[in-house]
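The structure under discussion appears below in the form of structure tokens.
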Amino acid sequence: MSRRTEFEFLGRVTIGQYLPTGSALHRLDPRTKLLVCLLLIAVVVASQSLLGIMLLLGAVLIGLALARIPLSFALSGLRAMLPYLLLLALLQTFAIPQYAANATVLWRWAMLTITDRSILAGILLIARFSVMVLGLSLFSFSTTTTELTHGIEHLLRPWQKLGLPAHELALTVNIALRFVPIIAEEAERLMKAQASRGADFGQGRNFIQRTRKLLPLLVPLFLVSLHRADNLIEAMEARCYLGGKGRTHLIHLQAHAADYLALAAAFALMALVIGLSTANADQLLWRLLSTYL
């Protein structure tokens, strides 16, 4: 790893960045994109089918192509998480074997057991995280800060009658999401500053040692985050921000035919994934894995 790429954090963080490519996905109603994103997360968590997860992964990759997002840039955020995902998959495979009546034991030593089901469970874990990260990145790439705020507020507006602060909640989610690249940029700046003073961040070592070397960044990064939050509070108070009560709306969102078509396609895809999960469609994968191993 070069010295330049070693200190690059912002380029590895894709969630929270917006790319104005002017694609058809960018022109969709933000409420449509929000509903599809929430539905994607729910189905990814609930699905137990590797075939279904791979189907969702293919759909997200098609979405990236339709949004004209370079695949290399979209995968850059996932590439930084890959070592940790592999570690979690190994823990899933070794420490949490997936016992089943027809599971085939491939290796056993002391309390550690590897079955064909545990291997596929580790693969399923990596696939789930990949779909979630790429899906959230696609949503961020195609949705501006203003669209995100209006979309969340319009979706939650019917719940205001029950006392739910829709505007405040939308603003909180928006700030949390957009702070991700800002924190990455601050971490990059702090790392360069400490390296110029002789700090060693473990170049060339394994990722566990590199993670331990990054611990000195946590305190200054936490303080910088608090300072930025304090500046944001002062800026909002200077503009007399008092929340959403009594506020009028200049922008009123309207759904079009493309939005209904996108929602229908998303619901059909999610129903297919849930159907694959309940129909035990992965039985063929278990048999193939047992045969080849």
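Labels used: A, B, ... for chains in the order of the structure tokens, numbers from 1 for residues in each chain, and numbers from 1 for ligands as shown.
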Could you pull the residues within 10 Å of Ala166 (chain A), counting only C-alpha atoms, minus those fewer than 6 positions along the same chain, as a compact mmCIF listing (two decimals) with N, CA and C atoms, in the first residue's frame?
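The new file selection.txt reads:
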```txt
# COMPACT_ATOMS: atom_id res chain seq x y z
N THR A 149 -34.19 14.89 3.08
CA THR A 149 -34.96 15.53 4.15
C THR A 149 -36.44 15.60 3.81
N ILE A 152 -38.10 11.93 3.83
CA ILE A 152 -38.40 11.40 5.17
C ILE A 152 -39.54 12.17 5.81
N GLU A 153 -39.53 13.49 5.67
CA GLU A 153 -40.57 14.30 6.30
C GLU A 153 -41.94 14.02 5.68
N HIS A 154 -42.00 13.86 4.36
CA HIS A 154 -43.28 13.57 3.71
C HIS A 154 -43.80 12.18 4.08
N LEU A 155 -42.90 11.22 4.24
CA LEU A 155 -43.33 9.89 4.62
C LEU A 155 -43.85 9.85 6.06
N LEU A 156 -43.26 10.65 6.92
CA LEU A 156 -43.65 10.64 8.34
C LEU A 156 -44.72 11.67 8.66
N ARG A 157 -45.12 12.47 7.69
CA ARG A 157 -46.09 13.53 7.97
C ARG A 157 -47.42 13.01 8.51
N PRO A 158 -47.96 11.87 8.00
CA PRO A 158 -49.23 11.37 8.59
C PRO A 158 -49.12 11.02 10.07
N TRP A 159 -47.90 10.72 10.56
CA TRP A 159 -47.73 10.36 11.96
C TRP A 159 -47.60 11.57 12.87
N GLN A 160 -47.60 12.76 12.31
CA GLN A 160 -47.50 13.96 13.14
C GLN A 160 -48.73 14.13 14.02
N THR A 172 -32.46 14.85 11.68
CA THR A 172 -31.47 14.05 12.41
C THR A 172 -30.87 12.96 11.54
N GLY A 243 -37.44 24.05 15.02
CA GLY A 243 -38.09 22.77 14.78
C GLY A 243 -39.13 22.87 13.68
N GLY A 244 -39.90 21.81 13.53
CA GLY A 244 -40.86 21.75 12.43
C GLY A 244 -42.25 22.25 12.75
N LYS A 245 -42.52 22.60 13.99
CA LYS A 245 -43.86 23.04 14.36
C LYS A 245 -44.19 24.38 13.71
```
List every residue of region 52-195 of chain A that DSSP, applied to the backbone of this structure, places in alpha helix (DSSP H), and write the result as a PyMOL selection string.
chain A and resi 52-66+71-94+116-141+145-156+166-195
Could those residues be written to a file, using C-alpha atoms, as a CSV table (one decimal), in the first residue's frame?
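And here is the file that came out, out.csv:
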```csv
chain,number,residue,atom,x,y,z
A,52,GLY,CA,-32.2,-14.7,-2.8
A,53,ILE,CA,-29.3,-12.6,-1.4
A,54,MET,CA,-27.3,-13.1,-4.7
A,55,LEU,CA,-30.5,-12.0,-6.6
A,56,LEU,CA,-30.6,-8.8,-4.5
A,57,LEU,CA,-26.9,-8.3,-5.2
A,58,GLY,CA,-27.5,-8.5,-8.9
A,59,ALA,CA,-30.4,-6.1,-8.6
A,60,VAL,CA,-28.2,-3.6,-6.8
A,61,LEU,CA,-25.4,-3.9,-9.4
A,62,ILE,CA,-28.0,-3.3,-12.1
A,63,GLY,CA,-29.2,-0.2,-10.2
A,64,LEU,CA,-25.6,1.1,-10.0
A,65,ALA,CA,-25.3,0.7,-13.8
A,66,LEU,CA,-28.7,2.5,-14.4
A,71,LEU,CA,-18.5,0.1,-10.3
A,72,SER,CA,-14.9,0.6,-9.0
A,73,PHE,CA,-16.0,3.6,-7.0
A,74,ALA,CA,-19.0,1.8,-5.5
A,75,LEU,CA,-16.9,-1.2,-4.5
A,76,SER,CA,-14.2,1.1,-2.9
A,77,GLY,CA,-16.3,1.5,0.2
A,78,LEU,CA,-16.9,-2.3,0.4
A,79,ARG,CA,-13.2,-3.1,-0.2
A,80,ALA,CA,-12.2,-1.3,3.0
A,81,MET,CA,-14.6,-3.5,5.0
A,82,LEU,CA,-13.6,-6.8,3.4
A,83,PRO,CA,-10.9,-7.9,5.9
A,84,TYR,CA,-13.4,-7.4,8.8
A,85,LEU,CA,-16.1,-9.2,6.9
A,86,LEU,CA,-13.8,-12.1,6.3
A,87,LEU,CA,-13.0,-12.2,10.0
A,88,LEU,CA,-16.7,-12.3,10.9
A,89,ALA,CA,-17.3,-15.0,8.3
A,90,LEU,CA,-14.5,-17.1,9.8
A,91,LEU,CA,-16.0,-16.7,13.3
A,92,GLN,CA,-19.4,-17.7,11.8
A,93,THR,CA,-17.8,-20.7,10.2
A,94,PHE,CA,-15.7,-22.0,13.1
A,116,ASP,CA,-21.2,-27.5,4.7
A,117,ARG,CA,-24.0,-25.3,6.3
A,118,SER,CA,-21.5,-23.3,8.3
A,119,ILE,CA,-19.4,-22.5,5.3
A,120,LEU,CA,-22.5,-21.3,3.4
A,121,ALA,CA,-23.5,-19.3,6.5
A,122,GLY,CA,-20.2,-17.5,6.4
A,123,ILE,CA,-20.7,-16.8,2.6
A,124,LEU,CA,-24.3,-15.6,3.4
A,125,LEU,CA,-23.0,-13.2,6.0
A,126,ILE,CA,-20.5,-11.6,3.5
A,127,ALA,CA,-23.2,-11.4,0.9
A,128,ARG,CA,-25.7,-9.7,3.3
A,129,PHE,CA,-23.2,-7.0,4.3
A,130,SER,CA,-22.2,-6.5,0.7
A,131,VAL,CA,-25.8,-6.0,-0.5
A,132,MET,CA,-26.6,-3.6,2.4
A,133,VAL,CA,-23.4,-1.4,1.9
A,134,LEU,CA,-23.9,-1.3,-1.9
A,135,GLY,CA,-27.6,-0.6,-1.5
A,136,LEU,CA,-27.1,2.3,0.9
A,137,SER,CA,-24.3,3.6,-1.3
A,138,LEU,CA,-26.6,3.6,-4.3
A,139,PHE,CA,-29.3,5.4,-2.4
A,140,SER,CA,-26.8,8.0,-1.3
A,141,PHE,CA,-25.3,8.4,-4.8
A,145,THR,CA,-29.5,16.1,1.1
A,146,THR,CA,-32.6,18.2,0.4
A,147,GLU,CA,-34.4,15.3,-1.3
A,148,LEU,CA,-33.6,13.0,1.6
A,149,THR,CA,-35.0,15.5,4.2
A,150,HIS,CA,-38.1,16.1,2.2
A,151,GLY,CA,-38.6,12.4,1.5
A,152,ILE,CA,-38.4,11.4,5.2
A,153,GLU,CA,-40.6,14.3,6.3
A,154,HIS,CA,-43.3,13.6,3.7
A,155,LEU,CA,-43.3,9.9,4.6
A,156,LEU,CA,-43.6,10.6,8.3
A,166,ALA,CA,-41.4,14.2,11.5
A,167,HIS,CA,-39.3,17.3,10.6
A,168,GLU,CA,-36.8,16.9,13.5
A,169,LEU,CA,-36.4,13.1,12.8
A,170,ALA,CA,-35.8,13.8,9.1
A,171,LEU,CA,-33.2,16.4,9.9
A,172,THR,CA,-31.5,14.1,12.4
A,173,VAL,CA,-31.2,11.2,9.9
A,174,ASN,CA,-30.0,13.6,7.3
A,175,ILE,CA,-27.2,15.0,9.5
A,176,ALA,CA,-26.1,11.6,10.6
A,177,LEU,CA,-25.9,10.3,7.1
A,178,ARG,CA,-24.0,13.3,5.7
A,179,PHE,CA,-21.6,13.4,8.6
A,180,VAL,CA,-20.1,10.0,7.5
A,181,PRO,CA,-17.9,11.5,4.7
A,182,ILE,CA,-17.1,14.5,6.9
A,183,ILE,CA,-15.8,12.3,9.7
A,184,ALA,CA,-13.8,10.3,7.2
A,185,GLU,CA,-12.2,13.5,5.9
A,186,GLU,CA,-11.3,14.6,9.5
A,187,ALA,CA,-9.8,11.1,10.2
A,188,GLU,CA,-7.7,11.5,7.0
A,189,ARG,CA,-6.5,14.9,8.1
A,190,LEU,CA,-5.6,13.8,11.6
A,191,MET,CA,-3.8,10.8,10.4
A,192,LYS,CA,-1.6,12.9,8.1
A,193,ALA,CA,-0.9,15.3,10.8
A,194,GLN,CA,0.2,12.6,13.3
A,195,ALA,CA,2.2,10.8,10.6
```
With only C-alpha atoms as the counted atoms, please give the residues lying no more than 12 Å from Leu28 (chain A), apart from itself and same-chain residues fewer than 3 positions off, as a PyMOL selection string.
chain A and resi 22-25+31-36+67+139+142-144+147-148+151+253-263
Give me a file of those residues, with N, CA and C atoms, as a PDB file, in the first residue's frame.
```
ATOM      1  N   GLY A  22     -27.426  12.547 -13.263  1.00  0.00           N
ATOM      2  CA  GLY A  22     -28.623  12.853 -14.030  1.00  0.00           C
ATOM      3  C   GLY A  22     -29.346  11.643 -14.579  1.00  0.00           C
ATOM      4  N   SER A  23     -29.193  10.496 -13.955  1.00  0.00           N
ATOM      5  CA  SER A  23     -29.812   9.266 -14.451  1.00  0.00           C
ATOM      6  C   SER A  23     -31.293   9.213 -14.085  1.00  0.00           C
ATOM      7  N   ALA A  24     -31.957   8.168 -14.575  1.00  0.00           N
ATOM      8  CA  ALA A  24     -33.377   7.985 -14.271  1.00  0.00           C
ATOM      9  C   ALA A  24     -33.599   7.730 -12.787  1.00  0.00           C
ATOM     10  N   LEU A  25     -32.671   7.048 -12.135  1.00  0.00           N
ATOM     11  CA  LEU A  25     -32.793   6.808 -10.698  1.00  0.00           C
ATOM     12  C   LEU A  25     -32.691   8.104  -9.910  1.00  0.00           C
ATOM     13  N   ARG A  31     -39.212   9.633  -1.879  1.00  0.00           N
ATOM     14  CA  ARG A  31     -39.995   8.708  -1.067  1.00  0.00           C
ATOM     15  C   ARG A  31     -39.938   7.299  -1.646  1.00  0.00           C
ATOM     16  N   THR A  32     -39.932   7.199  -2.963  1.00  0.00           N
ATOM     17  CA  THR A  32     -39.814   5.893  -3.609  1.00  0.00           C
ATOM     18  C   THR A  32     -38.480   5.252  -3.281  1.00  0.00           C
ATOM     19  N   LYS A  33     -37.403   6.024  -3.379  1.00  0.00           N
ATOM     20  CA  LYS A  33     -36.078   5.488  -3.087  1.00  0.00           C
ATOM     21  C   LYS A  33     -35.937   5.118  -1.610  1.00  0.00           C
ATOM     22  N   LEU A  34     -36.558   5.899  -0.730  1.00  0.00           N
ATOM     23  CA  LEU A  34     -36.525   5.572   0.691  1.00  0.00           C
ATOM     24  C   LEU A  34     -37.247   4.256   0.978  1.00  0.00           C
ATOM     25  N   LEU A  35     -38.433   4.087   0.405  1.00  0.00           N
ATOM     26  CA  LEU A  35     -39.197   2.864   0.634  1.00  0.00           C
ATOM     27  C   LEU A  35     -38.462   1.646   0.087  1.00  0.00           C
ATOM     28  N   VAL A  36     -37.880   1.779  -1.096  1.00  0.00           N
ATOM     29  CA  VAL A  36     -37.136   0.660  -1.678  1.00  0.00           C
ATOM     30  C   VAL A  36     -35.922   0.325  -0.820  1.00  0.00           C
ATOM     31  N   ALA A  67     -27.796   4.004 -12.652  1.00  0.00           N
ATOM     32  CA  ALA A  67     -27.481   5.312 -12.076  1.00  0.00           C
ATOM     33  C   ALA A  67     -26.181   5.895 -12.617  1.00  0.00           C
ATOM     34  N   PHE A 139     -28.319   4.444  -2.812  1.00  0.00           N
ATOM     35  CA  PHE A 139     -29.302   5.434  -2.360  1.00  0.00           C
ATOM     36  C   PHE A 139     -28.638   6.786  -2.133  1.00  0.00           C
ATOM     37  N   SER A 142     -27.642   8.695  -5.411  1.00  0.00           N
ATOM     38  CA  SER A 142     -28.729   9.203  -6.248  1.00  0.00           C
ATOM     39  C   SER A 142     -29.687  10.132  -5.521  1.00  0.00           C
ATOM     40  N   THR A 143     -29.390  10.507  -4.274  1.00  0.00           N
ATOM     41  CA  THR A 143     -30.311  11.331  -3.491  1.00  0.00           C
ATOM     42  C   THR A 143     -29.556  12.470  -2.836  1.00  0.00           C
ATOM     43  N   THR A 144     -29.992  13.692  -3.076  1.00  0.00           N
ATOM     44  CA  THR A 144     -29.353  14.847  -2.462  1.00  0.00           C
ATOM     45  C   THR A 144     -29.804  14.998  -1.011  1.00  0.00           C
ATOM     46  N   GLU A 147     -33.398  16.351  -0.946  1.00  0.00           N
ATOM     47  CA  GLU A 147     -34.370  15.310  -1.293  1.00  0.00           C
ATOM     48  C   GLU A 147     -34.558  14.332  -0.145  1.00  0.00           C
ATOM     49  N   LEU A 148     -33.467  13.967   0.522  1.00  0.00           N
ATOM     50  CA  LEU A 148     -33.567  13.041   1.649  1.00  0.00           C
ATOM     51  C   LEU A 148     -34.421  13.621   2.765  1.00  0.00           C
ATOM     52  N   GLY A 151     -38.052  13.765   1.614  1.00  0.00           N
ATOM     53  CA  GLY A 151     -38.625  12.430   1.510  1.00  0.00           C
ATOM     54  C   GLY A 151     -39.005  11.851   2.860  1.00  0.00           C
ATOM     55  N   LEU A 253     -43.887  16.993  -2.878  1.00  0.00           N
ATOM     56  CA  LEU A 253     -43.474  15.884  -3.736  1.00  0.00           C
ATOM     57  C   LEU A 253     -44.669  15.253  -4.418  1.00  0.00           C
ATOM     58  N   GLN A 254     -44.467  14.852  -5.671  1.00  0.00           N
ATOM     59  CA  GLN A 254     -45.498  14.186  -6.448  1.00  0.00           C
ATOM     60  C   GLN A 254     -44.903  12.963  -7.128  1.00  0.00           C
ATOM     61  N   ALA A 255     -45.566  11.827  -6.942  1.00  0.00           N
ATOM     62  CA  ALA A 255     -45.104  10.592  -7.564  1.00  0.00           C
ATOM     63  C   ALA A 255     -45.588  10.518  -9.007  1.00  0.00           C
ATOM     64  N   HIS A 256     -44.765   9.902  -9.863  1.00  0.00           N
ATOM     65  CA  HIS A 256     -45.090   9.744 -11.262  1.00  0.00           C
ATOM     66  C   HIS A 256     -45.158   8.254 -11.609  1.00  0.00           C
ATOM     67  N   ALA A 257     -45.408   7.969 -12.870  1.00  0.00           N
ATOM     68  CA  ALA A 257     -45.552   6.583 -13.300  1.00  0.00           C
ATOM     69  C   ALA A 257     -44.274   5.785 -13.063  1.00  0.00           C
ATOM     70  N   ALA A 258     -43.121   6.418 -13.267  1.00  0.00           N
ATOM     71  CA  ALA A 258     -41.849   5.723 -13.051  1.00  0.00           C
ATOM     72  C   ALA A 258     -41.685   5.310 -11.593  1.00  0.00           C
ATOM     73  N   ASP A 259     -42.205   6.115 -10.669  1.00  0.00           N
ATOM     74  CA  ASP A 259     -42.101   5.776  -9.246  1.00  0.00           C
ATOM     75  C   ASP A 259     -42.951   4.555  -8.913  1.00  0.00           C
ATOM     76  N   TYR A 260     -44.161   4.516  -9.437  1.00  0.00           N
ATOM     77  CA  TYR A 260     -45.022   3.356  -9.179  1.00  0.00           C
ATOM     78  C   TYR A 260     -44.450   2.099  -9.825  1.00  0.00           C
ATOM     79  N   LEU A 261     -43.845   2.250 -10.999  1.00  0.00           N
ATOM     80  CA  LEU A 261     -43.233   1.104 -11.656  1.00  0.00           C
ATOM     81  C   LEU A 261     -42.045   0.593 -10.857  1.00  0.00           C
ATOM     82  N   ALA A 262     -41.229   1.511 -10.331  1.00  0.00           N
ATOM     83  CA  ALA A 262     -40.075   1.110  -9.526  1.00  0.00           C
ATOM     84  C   ALA A 262     -40.521   0.414  -8.240  1.00  0.00           C
ATOM     85  N   LEU A 263     -41.573   0.927  -7.600  1.00  0.00           N
ATOM     86  CA  LEU A 263     -42.083   0.286  -6.385  1.00  0.00           C
ATOM     87  C   LEU A 263     -42.633  -1.100  -6.684  1.00  0.00           C
TER      88      LEU A 263
END
```
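You will find CA of Leu221 (chain A) at 25.7 Å from CA of Ala238 (chain A).
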Rounded to one decimal, what separation in Å do you get between CA of Ile114 (chain A) and CA of Ser277 (chain A)?
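If I compute the distance from CA of Ile114 (chain A) to CA of Ser277 (chain A), I get 22.7 Å.
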